[in-house]
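Just run_0.txt here, compact mmCIF, N, CA and C atoms:
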```
# COMPACT_ATOMS: atom_id res chain seq x y z
N MET W 1 -25.35 -29.22 -49.78
CA MET W 1 -26.10 -29.18 -48.55
C MET W 1 -25.51 -30.12 -47.51
N LYS W 2 -24.89 -31.22 -47.99
CA LYS W 2 -24.29 -32.17 -47.07
C LYS W 2 -23.17 -31.53 -46.27
N LYS W 3 -22.48 -30.56 -46.87
CA LYS W 3 -21.38 -29.89 -46.19
C LYS W 3 -21.86 -29.24 -44.90
N TYR W 4 -23.00 -28.65 -44.95
CA TYR W 4 -23.50 -27.88 -43.80
C TYR W 4 -24.39 -28.69 -42.87
N SER W 5 -24.70 -29.92 -43.20
CA SER W 5 -25.63 -30.70 -42.38
C SER W 5 -25.06 -30.97 -40.98
N PHE W 6 -23.76 -31.28 -40.88
CA PHE W 6 -23.15 -31.50 -39.57
C PHE W 6 -23.23 -30.23 -38.74
N PHE W 7 -22.87 -29.11 -39.35
CA PHE W 7 -22.89 -27.83 -38.65
C PHE W 7 -24.30 -27.49 -38.16
N LEU W 8 -25.28 -27.66 -39.05
CA LEU W 8 -26.66 -27.31 -38.70
C LEU W 8 -27.28 -28.30 -37.71
N SER W 9 -26.92 -29.57 -37.81
CA SER W 9 -27.57 -30.56 -36.97
C SER W 9 -26.89 -30.76 -35.61
N ILE W 10 -25.58 -30.54 -35.50
CA ILE W 10 -24.88 -30.84 -34.25
C ILE W 10 -24.19 -29.61 -33.65
N ALA W 11 -23.31 -28.98 -34.41
CA ALA W 11 -22.48 -27.92 -33.88
C ALA W 11 -23.29 -26.70 -33.44
N LEU W 12 -24.20 -26.24 -34.29
CA LEU W 12 -24.98 -25.05 -33.95
C LEU W 12 -25.87 -25.27 -32.73
N PRO W 13 -26.63 -26.36 -32.65
CA PRO W 13 -27.43 -26.59 -31.43
C PRO W 13 -26.56 -26.75 -30.18
N ALA W 14 -25.41 -27.40 -30.32
CA ALA W 14 -24.52 -27.58 -29.16
C ALA W 14 -24.02 -26.22 -28.67
N PHE W 15 -23.63 -25.37 -29.59
CA PHE W 15 -23.17 -24.03 -29.23
C PHE W 15 -24.27 -23.25 -28.53
N PHE W 16 -25.50 -23.37 -29.07
CA PHE W 16 -26.64 -22.67 -28.49
C PHE W 16 -26.91 -23.17 -27.07
N ILE W 17 -26.89 -24.47 -26.86
CA ILE W 17 -27.16 -25.05 -25.55
C ILE W 17 -26.10 -24.61 -24.55
N ILE W 18 -24.84 -24.66 -24.96
CA ILE W 18 -23.74 -24.26 -24.07
C ILE W 18 -23.87 -22.79 -23.70
N SER W 19 -24.16 -21.94 -24.67
CA SER W 19 -24.25 -20.51 -24.38
C SER W 19 -25.46 -20.17 -23.52
N VAL W 20 -26.53 -20.93 -23.60
CA VAL W 20 -27.71 -20.66 -22.78
C VAL W 20 -27.56 -21.28 -21.39
N LEU W 21 -27.09 -22.50 -21.31
CA LEU W 21 -26.99 -23.19 -20.04
C LEU W 21 -25.76 -22.80 -19.22
N CYS W 22 -24.75 -22.29 -19.86
CA CYS W 22 -23.51 -21.95 -19.17
C CYS W 22 -23.09 -20.52 -19.52
N PRO W 23 -23.75 -19.50 -18.92
CA PRO W 23 -23.42 -18.13 -19.25
C PRO W 23 -21.96 -17.77 -18.95
N ALA W 24 -21.41 -18.37 -17.92
CA ALA W 24 -20.01 -18.08 -17.58
C ALA W 24 -19.08 -18.56 -18.68
N CYS W 25 -19.47 -19.67 -19.37
CA CYS W 25 -18.63 -20.19 -20.45
C CYS W 25 -18.61 -19.25 -21.64
N SER W 26 -19.72 -18.59 -21.88
CA SER W 26 -19.81 -17.72 -23.05
C SER W 26 -19.45 -16.28 -22.74
N LYS W 27 -19.21 -15.97 -21.45
CA LYS W 27 -18.90 -14.59 -21.05
C LYS W 27 -17.57 -14.16 -21.66
N ASP W 28 -17.56 -12.99 -22.21
CA ASP W 28 -16.34 -12.44 -22.78
C ASP W 28 -15.37 -12.14 -21.64
N THR W 29 -14.16 -12.70 -21.70
CA THR W 29 -13.21 -12.52 -20.61
C THR W 29 -12.70 -11.09 -20.50
N ASP W 30 -12.84 -10.29 -21.54
CA ASP W 30 -12.40 -8.91 -21.50
C ASP W 30 -13.44 -7.98 -20.88
N THR W 31 -14.66 -8.47 -20.70
CA THR W 31 -15.73 -7.67 -20.13
C THR W 31 -15.57 -7.64 -18.62
N GLN W 32 -15.64 -6.42 -18.02
CA GLN W 32 -15.52 -6.27 -16.58
C GLN W 32 -16.79 -5.66 -16.02
N THR W 33 -17.13 -6.05 -14.81
CA THR W 33 -18.27 -5.44 -14.14
C THR W 33 -17.85 -4.06 -13.65
N ASN W 34 -18.83 -3.24 -13.32
CA ASN W 34 -18.54 -1.91 -12.78
C ASN W 34 -17.70 -2.00 -11.50
N GLU W 35 -17.99 -3.01 -10.68
CA GLU W 35 -17.26 -3.19 -9.43
C GLU W 35 -15.78 -3.51 -9.71
N GLU W 36 -15.53 -4.37 -10.70
CA GLU W 36 -14.15 -4.71 -11.06
C GLU W 36 -13.41 -3.51 -11.61
N VAL W 37 -14.08 -2.71 -12.42
CA VAL W 37 -13.46 -1.51 -12.98
C VAL W 37 -13.13 -0.52 -11.87
N GLN W 38 -14.06 -0.33 -10.92
CA GLN W 38 -13.85 0.59 -9.80
C GLN W 38 -12.67 0.13 -8.94
N GLU W 39 -12.60 -1.18 -8.68
CA GLU W 39 -11.50 -1.72 -7.87
C GLU W 39 -10.16 -1.50 -8.57
N GLN W 40 -10.14 -1.71 -9.88
CA GLN W 40 -8.90 -1.49 -10.64
C GLN W 40 -8.50 -0.01 -10.61
N GLU W 41 -9.47 0.89 -10.75
CA GLU W 41 -9.17 2.33 -10.69
C GLU W 41 -8.64 2.72 -9.32
N ASN W 42 -9.22 2.15 -8.24
CA ASN W 42 -8.74 2.45 -6.89
C ASN W 42 -7.30 1.99 -6.70
N GLU W 43 -6.98 0.79 -7.22
CA GLU W 43 -5.61 0.29 -7.11
C GLU W 43 -4.63 1.19 -7.86
N GLU W 44 -5.03 1.65 -9.05
CA GLU W 44 -4.16 2.54 -9.83
C GLU W 44 -3.97 3.86 -9.11
N GLN W 45 -5.04 4.40 -8.50
CA GLN W 45 -4.94 5.66 -7.77
C GLN W 45 -4.02 5.50 -6.56
N GLU W 46 -4.15 4.38 -5.84
CA GLU W 46 -3.30 4.15 -4.68
C GLU W 46 -1.84 4.09 -5.09
N THR W 47 -1.55 3.44 -6.21
CA THR W 47 -0.17 3.34 -6.68
C THR W 47 0.37 4.70 -7.08
N SER W 48 -0.44 5.51 -7.78
CA SER W 48 0.03 6.82 -8.20
C SER W 48 0.11 7.79 -7.03
N ASP W 49 -0.60 7.49 -5.95
CA ASP W 49 -0.63 8.33 -4.76
C ASP W 49 0.56 8.05 -3.83
N LEU W 50 1.30 6.98 -4.11
CA LEU W 50 2.41 6.56 -3.27
C LEU W 50 3.66 7.38 -3.58
N VAL W 51 4.30 7.90 -2.54
CA VAL W 51 5.49 8.73 -2.70
C VAL W 51 6.68 8.02 -2.05
N LYS W 52 7.77 7.91 -2.79
CA LYS W 52 9.01 7.31 -2.25
C LYS W 52 9.61 8.29 -1.26
N ASN W 53 9.87 7.85 -0.05
CA ASN W 53 10.38 8.72 1.00
C ASN W 53 11.84 8.38 1.32
N LEU W 54 12.15 7.11 1.48
CA LEU W 54 13.51 6.67 1.79
C LEU W 54 14.07 5.86 0.62
N SER W 55 15.35 6.03 0.35
CA SER W 55 15.94 5.28 -0.76
C SER W 55 16.48 3.92 -0.34
N SER W 56 16.84 3.75 0.93
CA SER W 56 17.35 2.46 1.38
C SER W 56 17.10 2.29 2.88
N VAL W 57 17.16 1.04 3.32
CA VAL W 57 16.96 0.73 4.74
C VAL W 57 18.08 -0.18 5.21
N GLY W 58 18.18 -0.31 6.53
CA GLY W 58 19.17 -1.21 7.13
C GLY W 58 18.58 -2.57 7.40
N THR W 59 19.04 -3.20 8.45
CA THR W 59 18.64 -4.56 8.83
C THR W 59 17.22 -4.59 9.39
N TYR W 60 16.50 -5.66 9.05
CA TYR W 60 15.14 -5.87 9.53
C TYR W 60 15.15 -6.11 11.04
N ILE W 61 14.22 -5.45 11.76
CA ILE W 61 14.14 -5.60 13.21
C ILE W 61 12.93 -6.44 13.60
N GLY W 62 11.77 -6.09 13.08
CA GLY W 62 10.53 -6.78 13.45
C GLY W 62 9.34 -5.99 12.96
N GLU W 63 8.19 -6.24 13.56
CA GLU W 63 6.96 -5.55 13.16
C GLU W 63 6.37 -4.77 14.33
N VAL W 64 5.65 -3.71 13.99
CA VAL W 64 4.87 -2.96 14.98
C VAL W 64 3.41 -3.00 14.52
N HIS W 65 2.52 -2.94 15.49
CA HIS W 65 1.09 -3.03 15.18
C HIS W 65 0.32 -1.94 15.91
N ASP W 66 -0.49 -1.22 15.15
CA ASP W 66 -1.43 -0.24 15.70
C ASP W 66 -0.78 0.79 16.62
N LEU W 67 0.35 1.33 16.19
CA LEU W 67 0.98 2.43 16.94
C LEU W 67 0.27 3.74 16.60
N SER W 68 0.22 4.65 17.54
CA SER W 68 -0.34 5.98 17.30
C SER W 68 0.80 6.98 17.29
N GLY W 69 0.78 7.87 16.30
CA GLY W 69 1.84 8.87 16.20
C GLY W 69 1.40 10.10 15.44
N THR W 70 2.36 11.00 15.26
CA THR W 70 2.10 12.26 14.57
C THR W 70 3.02 12.37 13.36
N VAL W 71 2.46 12.69 12.22
CA VAL W 71 3.24 12.86 10.99
C VAL W 71 3.94 14.21 11.03
N GLU W 72 5.23 14.20 10.75
CA GLU W 72 6.01 15.44 10.74
C GLU W 72 6.96 15.42 9.55
N TYR W 73 7.37 16.60 9.14
CA TYR W 73 8.32 16.73 8.04
C TYR W 73 9.68 17.10 8.64
N GLU W 74 10.72 16.40 8.21
CA GLU W 74 12.09 16.66 8.66
C GLU W 74 12.81 17.45 7.57
N PRO W 75 12.81 18.81 7.68
CA PRO W 75 13.34 19.63 6.60
C PRO W 75 14.84 19.43 6.33
N SER W 76 15.61 19.09 7.35
CA SER W 76 17.04 18.91 7.14
C SER W 76 17.34 17.69 6.25
N LEU W 77 16.43 16.72 6.25
CA LEU W 77 16.60 15.52 5.44
C LEU W 77 15.68 15.48 4.22
N ASN W 78 14.71 16.38 4.20
CA ASN W 78 13.70 16.38 3.15
C ASN W 78 12.92 15.05 3.17
N LEU W 79 12.57 14.61 4.39
CA LEU W 79 11.87 13.34 4.59
C LEU W 79 10.68 13.51 5.54
N TRP W 80 9.67 12.66 5.35
CA TRP W 80 8.54 12.60 6.26
C TRP W 80 8.82 11.54 7.31
N LYS W 81 8.30 11.73 8.51
CA LYS W 81 8.45 10.74 9.57
C LYS W 81 7.16 10.69 10.38
N ILE W 82 7.02 9.61 11.14
CA ILE W 82 5.92 9.49 12.09
C ILE W 82 6.57 9.42 13.47
N ARG W 83 6.23 10.37 14.29
CA ARG W 83 6.82 10.52 15.62
C ARG W 83 5.90 9.87 16.65
N VAL W 84 6.45 8.91 17.42
CA VAL W 84 5.68 8.20 18.43
C VAL W 84 6.32 8.45 19.79
N VAL W 85 5.60 9.11 20.67
CA VAL W 85 6.09 9.39 22.01
C VAL W 85 5.69 8.22 22.91
N THR W 86 6.68 7.69 23.64
CA THR W 86 6.41 6.59 24.56
C THR W 86 5.67 7.13 25.78
N GLU W 87 4.53 6.51 26.09
CA GLU W 87 3.71 6.97 27.22
C GLU W 87 4.47 6.88 28.53
N ASN W 88 4.13 7.79 29.44
CA ASN W 88 4.70 7.86 30.78
C ASN W 88 6.21 8.12 30.79
N THR W 89 6.70 8.74 29.73
CA THR W 89 8.11 9.16 29.72
C THR W 89 8.17 10.63 29.35
N ILE W 90 9.28 11.26 29.67
CA ILE W 90 9.44 12.68 29.35
C ILE W 90 10.03 12.87 27.97
N ASP W 91 11.02 12.03 27.64
CA ASP W 91 11.75 12.32 26.40
C ASP W 91 12.00 11.11 25.49
N GLU W 92 11.32 10.00 25.70
CA GLU W 92 11.54 8.85 24.84
C GLU W 92 10.63 8.93 23.62
N VAL W 93 11.26 9.06 22.46
CA VAL W 93 10.54 9.23 21.20
C VAL W 93 11.10 8.27 20.16
N ASN W 94 10.22 7.55 19.49
CA ASN W 94 10.60 6.71 18.36
C ASN W 94 10.15 7.40 17.08
N ASN W 95 11.08 7.59 16.17
CA ASN W 95 10.79 8.24 14.89
C ASN W 95 10.86 7.20 13.79
N TYR W 96 9.75 7.04 13.06
CA TYR W 96 9.66 6.05 11.98
C TYR W 96 9.63 6.80 10.65
N TYR W 97 10.62 6.54 9.80
CA TYR W 97 10.69 7.15 8.47
C TYR W 97 10.13 6.15 7.47
N PRO W 98 8.93 6.40 6.93
CA PRO W 98 8.33 5.46 5.98
C PRO W 98 9.16 5.35 4.69
N VAL W 99 9.29 4.12 4.19
CA VAL W 99 9.95 3.92 2.91
C VAL W 99 9.12 4.59 1.82
N THR W 100 7.81 4.37 1.88
CA THR W 100 6.86 5.06 1.00
C THR W 100 5.72 5.56 1.86
N ILE W 101 5.09 6.61 1.41
CA ILE W 101 3.94 7.17 2.14
C ILE W 101 2.96 7.74 1.14
N ARG W 102 1.69 7.60 1.41
CA ARG W 102 0.65 8.13 0.52
C ARG W 102 0.54 9.65 0.70
N LYS W 103 0.30 10.34 -0.39
CA LYS W 103 0.19 11.81 -0.36
C LYS W 103 -0.85 12.25 0.65
N HIS W 104 -1.89 11.46 0.78
CA HIS W 104 -3.00 11.76 1.69
C HIS W 104 -2.54 11.95 3.13
N PHE W 105 -1.44 11.28 3.51
CA PHE W 105 -0.94 11.35 4.88
C PHE W 105 0.22 12.32 5.04
N MET W 106 0.59 13.00 3.98
CA MET W 106 1.71 13.93 4.04
C MET W 106 1.23 15.32 4.43
N SER W 107 0.75 15.46 5.65
CA SER W 107 0.36 16.76 6.17
C SER W 107 0.88 16.88 7.59
N GLU W 108 1.55 17.97 7.83
CA GLU W 108 2.21 18.21 9.12
C GLU W 108 1.23 18.10 10.28
N HIS W 109 1.63 17.39 11.32
CA HIS W 109 0.91 17.25 12.59
C HIS W 109 -0.39 16.44 12.48
N SER W 110 -0.51 15.59 11.47
CA SER W 110 -1.66 14.68 11.38
C SER W 110 -1.47 13.53 12.35
N SER W 111 -2.51 13.19 13.07
CA SER W 111 -2.46 12.03 13.97
C SER W 111 -2.84 10.79 13.17
N VAL W 112 -2.02 9.74 13.28
CA VAL W 112 -2.26 8.52 12.53
C VAL W 112 -2.09 7.30 13.42
N GLN W 113 -2.67 6.20 12.97
CA GLN W 113 -2.45 4.89 13.58
C GLN W 113 -1.88 4.03 12.46
N PHE W 114 -0.81 3.26 12.74
CA PHE W 114 -0.14 2.54 11.67
C PHE W 114 0.47 1.23 12.15
N SER W 115 0.77 0.35 11.19
CA SER W 115 1.44 -0.92 11.42
C SER W 115 2.45 -1.11 10.29
N GLY W 116 3.46 -1.94 10.52
CA GLY W 116 4.39 -2.22 9.44
C GLY W 116 5.64 -2.95 9.88
N LYS W 117 6.53 -3.19 8.91
CA LYS W 117 7.82 -3.84 9.15
C LYS W 117 8.86 -2.78 9.44
N VAL W 118 9.61 -2.98 10.53
CA VAL W 118 10.58 -1.98 10.99
C VAL W 118 12.01 -2.43 10.67
N TYR W 119 12.81 -1.45 10.24
CA TYR W 119 14.22 -1.68 9.89
C TYR W 119 15.06 -0.61 10.57
N TYR W 120 16.34 -0.93 10.77
CA TYR W 120 17.26 0.13 11.17
C TYR W 120 17.42 1.06 9.98
N LEU W 121 17.68 2.32 10.23
CA LEU W 121 17.98 3.25 9.14
C LEU W 121 19.37 2.94 8.61
N ASP W 122 19.60 3.23 7.34
CA ASP W 122 20.94 3.04 6.80
C ASP W 122 21.88 4.10 7.39
N GLU W 123 23.15 3.83 7.41
CA GLU W 123 24.15 4.70 8.05
C GLU W 123 24.15 6.12 7.50
N GLN W 124 24.00 6.30 6.21
CA GLN W 124 24.03 7.64 5.60
C GLN W 124 22.90 8.52 6.13
N THR W 125 21.73 7.95 6.32
CA THR W 125 20.60 8.72 6.84
C THR W 125 20.80 9.06 8.31
N ILE W 126 21.28 8.10 9.10
CA ILE W 126 21.48 8.32 10.53
C ILE W 126 22.45 9.48 10.79
N ILE W 127 23.50 9.54 10.02
CA ILE W 127 24.51 10.60 10.18
C ILE W 127 23.90 11.99 10.05
N GLN W 128 22.92 12.13 9.19
CA GLN W 128 22.35 13.44 8.88
C GLN W 128 21.26 13.89 9.87
N ILE W 129 20.79 13.00 10.72
CA ILE W 129 19.67 13.32 11.61
C ILE W 129 20.17 13.99 12.88
N PRO W 130 19.57 15.14 13.23
CA PRO W 130 19.87 15.71 14.55
C PRO W 130 19.30 14.77 15.60
N GLN W 131 20.10 14.34 16.57
CA GLN W 131 19.68 13.29 17.49
C GLN W 131 19.61 13.76 18.94
N PRO W 132 18.47 14.31 19.34
CA PRO W 132 18.32 14.68 20.76
C PRO W 132 18.28 13.43 21.63
N ALA W 133 18.63 13.58 22.89
CA ALA W 133 18.61 12.46 23.84
C ALA W 133 17.23 11.83 23.91
N GLY W 134 17.18 10.52 24.00
CA GLY W 134 15.91 9.81 24.14
C GLY W 134 15.22 9.50 22.83
N SER W 135 15.79 9.95 21.71
CA SER W 135 15.16 9.70 20.41
C SER W 135 15.80 8.50 19.72
N LYS W 136 14.96 7.69 19.10
CA LYS W 136 15.42 6.54 18.31
C LYS W 136 14.85 6.69 16.90
N TYR W 137 15.57 6.14 15.92
CA TYR W 137 15.22 6.36 14.52
C TYR W 137 15.17 5.03 13.78
N TYR W 138 14.08 4.84 13.03
CA TYR W 138 13.86 3.61 12.30
C TYR W 138 13.29 3.90 10.92
N ALA W 139 13.45 2.94 10.02
CA ALA W 139 12.74 2.95 8.74
C ALA W 139 11.55 2.00 8.90
N ILE W 140 10.47 2.25 8.16
CA ILE W 140 9.30 1.37 8.24
C ILE W 140 8.65 1.22 6.87
N GLU W 141 8.28 -0.02 6.57
CA GLU W 141 7.44 -0.30 5.40
C GLU W 141 6.02 -0.40 5.95
N ILE W 142 5.22 0.61 5.71
CA ILE W 142 3.87 0.67 6.28
C ILE W 142 2.96 -0.34 5.58
N SER W 143 2.30 -1.17 6.39
CA SER W 143 1.34 -2.13 5.84
C SER W 143 -0.09 -1.63 6.04
N LYS W 144 -0.30 -0.78 7.06
CA LYS W 144 -1.63 -0.26 7.35
C LYS W 144 -1.47 1.11 7.99
N ILE W 145 -2.26 2.05 7.53
CA ILE W 145 -2.22 3.40 8.14
C ILE W 145 -3.59 4.04 7.99
N SER W 146 -3.98 4.80 9.02
CA SER W 146 -5.24 5.53 8.96
C SER W 146 -5.12 6.78 9.81
N LYS W 147 -5.89 7.80 9.42
CA LYS W 147 -5.91 9.03 10.22
C LYS W 147 -6.78 8.80 11.43
N LYS W 148 -6.40 9.45 12.53
CA LYS W 148 -7.17 9.33 13.77
C LYS W 148 -8.11 10.50 13.93
```
Take the structure in the file and give it back as structure tokens.
Amino acid sequence: MKKYSFFLSIALPAFFIISVLCPACSKDTDTQTNEEVQEQENEEQETSDLVKNLSSVGTYIGEVHDLSGTVEYEPSLNLWKIRVVTENTIDEVNNYYPVTIRKHFMSEHSSVQFSGKVYYLDEQTIIQIPQPAGSKYYAIEISKISKK
């Protein structure tokens, strides 16, 4: 009986007090709330929804914020782009080729608002693009995008 007296007199009551007074201490770390599970599922869906569009980019230029444009497919390159027409001009167009793009935004002629880091296109991609006057071409890592 002496063997168990320490356990019964000190350890067991201490464990009970800790588990009652400190629920966070006794919480199973593998247990997740419904909100945590939903957030994890959303992150997994977003990752699986991401499509690689460009294989490489050129030199970093800067960032753009809250630009409005139209999503278009460039069949000659098999790439998606966002076309932004400069206001009050006839033919000035900036074409942004996303490095990755979500499937949700891959629909021809969708109006979007977006932000991201802008790069020059790599030389191999530029060579293949039909280049009308007034058009400029960039790669972009989209940080924020939404349909308008």
Counting only C-alpha atoms, what is within 8 Å of region 87-97 of chain W, bar same-chain residues fewer than 5 positions away, as a PDB file with N, CA and C atoms, in the frame of the given file?
```pdb
ATOM      1  N   ASN W  53       9.870   7.850  -0.050  1.00  0.00           N
ATOM      2  CA  ASN W  53      10.380   8.720   1.000  1.00  0.00           C
ATOM      3  C   ASN W  53      11.840   8.380   1.320  1.00  0.00           C
ATOM      4  N   LEU W  54      12.150   7.110   1.480  1.00  0.00           N
ATOM      5  CA  LEU W  54      13.510   6.670   1.790  1.00  0.00           C
ATOM      6  C   LEU W  54      14.070   5.860   0.620  1.00  0.00           C
ATOM      7  N   LEU W  79      12.570  14.610   4.390  1.00  0.00           N
ATOM      8  CA  LEU W  79      11.870  13.340   4.590  1.00  0.00           C
ATOM      9  C   LEU W  79      10.680  13.510   5.540  1.00  0.00           C
ATOM     10  N   TRP W  80       9.670  12.660   5.350  1.00  0.00           N
ATOM     11  CA  TRP W  80       8.540  12.600   6.260  1.00  0.00           C
ATOM     12  C   TRP W  80       8.820  11.540   7.310  1.00  0.00           C
ATOM     13  N   LYS W  81       8.300  11.730   8.510  1.00  0.00           N
ATOM     14  CA  LYS W  81       8.450  10.740   9.570  1.00  0.00           C
ATOM     15  C   LYS W  81       7.160  10.690  10.380  1.00  0.00           C
ATOM     16  N   ILE W  82       7.020   9.610  11.140  1.00  0.00           N
ATOM     17  CA  ILE W  82       5.920   9.490  12.090  1.00  0.00           C
ATOM     18  C   ILE W  82       6.570   9.420  13.470  1.00  0.00           C
ATOM     19  N   ALA W 133      18.630  13.580  22.890  1.00  0.00           N
ATOM     20  CA  ALA W 133      18.610  12.460  23.840  1.00  0.00           C
ATOM     21  C   ALA W 133      17.230  11.830  23.910  1.00  0.00           C
ATOM     22  N   GLY W 134      17.180  10.520  24.000  1.00  0.00           N
ATOM     23  CA  GLY W 134      15.910   9.810  24.140  1.00  0.00           C
ATOM     24  C   GLY W 134      15.220   9.500  22.830  1.00  0.00           C
ATOM     25  N   SER W 135      15.790   9.950  21.710  1.00  0.00           N
ATOM     26  CA  SER W 135      15.160   9.700  20.410  1.00  0.00           C
ATOM     27  C   SER W 135      15.800   8.500  19.720  1.00  0.00           C
ATOM     28  N   LYS W 136      14.960   7.690  19.100  1.00  0.00           N
ATOM     29  CA  LYS W 136      15.420   6.540  18.310  1.00  0.00           C
ATOM     30  C   LYS W 136      14.850   6.690  16.900  1.00  0.00           C
ATOM     31  N   TYR W 137      15.570   6.140  15.920  1.00  0.00           N
ATOM     32  CA  TYR W 137      15.220   6.360  14.520  1.00  0.00           C
ATOM     33  C   TYR W 137      15.170   5.030  13.780  1.00  0.00           C
ATOM     34  N   TYR W 138      14.080   4.840  13.030  1.00  0.00           N
ATOM     35  CA  TYR W 138      13.860   3.610  12.300  1.00  0.00           C
ATOM     36  C   TYR W 138      13.290   3.900  10.920  1.00  0.00           C
ATOM     37  N   ALA W 139      13.450   2.940  10.020  1.00  0.00           N
ATOM     38  CA  ALA W 139      12.740   2.950   8.740  1.00  0.00           C
ATOM     39  C   ALA W 139      11.550   2.000   8.900  1.00  0.00           C
ATOM     40  N   ILE W 140      10.470   2.250   8.160  1.00  0.00           N
ATOM     41  CA  ILE W 140       9.300   1.370   8.240  1.00  0.00           C
ATOM     42  C   ILE W 140       8.650   1.220   6.870  1.00  0.00           C
TER      43      ILE W 140
END
```
Query raised in the report: Quick one: residues within 7 Å of region 120-129 of chain W, all atoms listed in the file counted, chain neighbours fewer than 6 positions away excluded, as an MDAnalysis selection string?
Result: chainID W and resid 56:61 76:77 137:139
Report summary line: Here CA of Tyr73 (chain W) and CA of Val85 (chain W) stand apart by 15.9 Å
Report task. As a PyMOL selection string, please: all residues of region 45-130 of chain W that backbone DSSP puts in strand (DSSP E). Result -> chain W and resi 50-52+57-74+79-85+93-98+100-102+111-121
Query raised in the report: In region 84-126 of chain W, what's helix (DSSP H, G or I) per DSSP? Answer as a list in words?
Result: Lys103, His104, Phe105, Glu123, Gln124, Thr125 and Ile126 of chain W
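Considering all atoms listed in the file, the residue among W:Val51, W:Lys147, W:Glu63, W:Thr70 positioned nearest to Glu108 (chain W) is W:Thr70.
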**Report entry** Atomic distance CA of Thr86 (chain W) - CA of Lys103 (chain W), expressed in Å with one decimal
**Finding:**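 Taking CA of Thr86 (chain W) as the start and CA of Lys103 (chain W) as the end point, the length is 26.2 Å.
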Query raised in the report: So how many Å separate CA of Gly69 (chain W) and atom C of Tyr119 (chain W), to one decimal?
Result: 17.2 Å
Requested in this report: Select, from W:Thr100, W:Lys144, W:Phe105, W:Phe114, the residue with the minimum atom-to-atom distance to His65 (chain W), counting all atoms listed in the file.
Outcome: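 With all atoms listed in the file as the atom set, the closest residue is W:Phe114.
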Requested in this report: Might you pull out every residue within 8 Å of Ile145 (chain W), with all atoms listed in the file counted and same-chain residues fewer than 4 positions away left off, and present them as an NGL selection string?
Outcome: :W and (112-116)
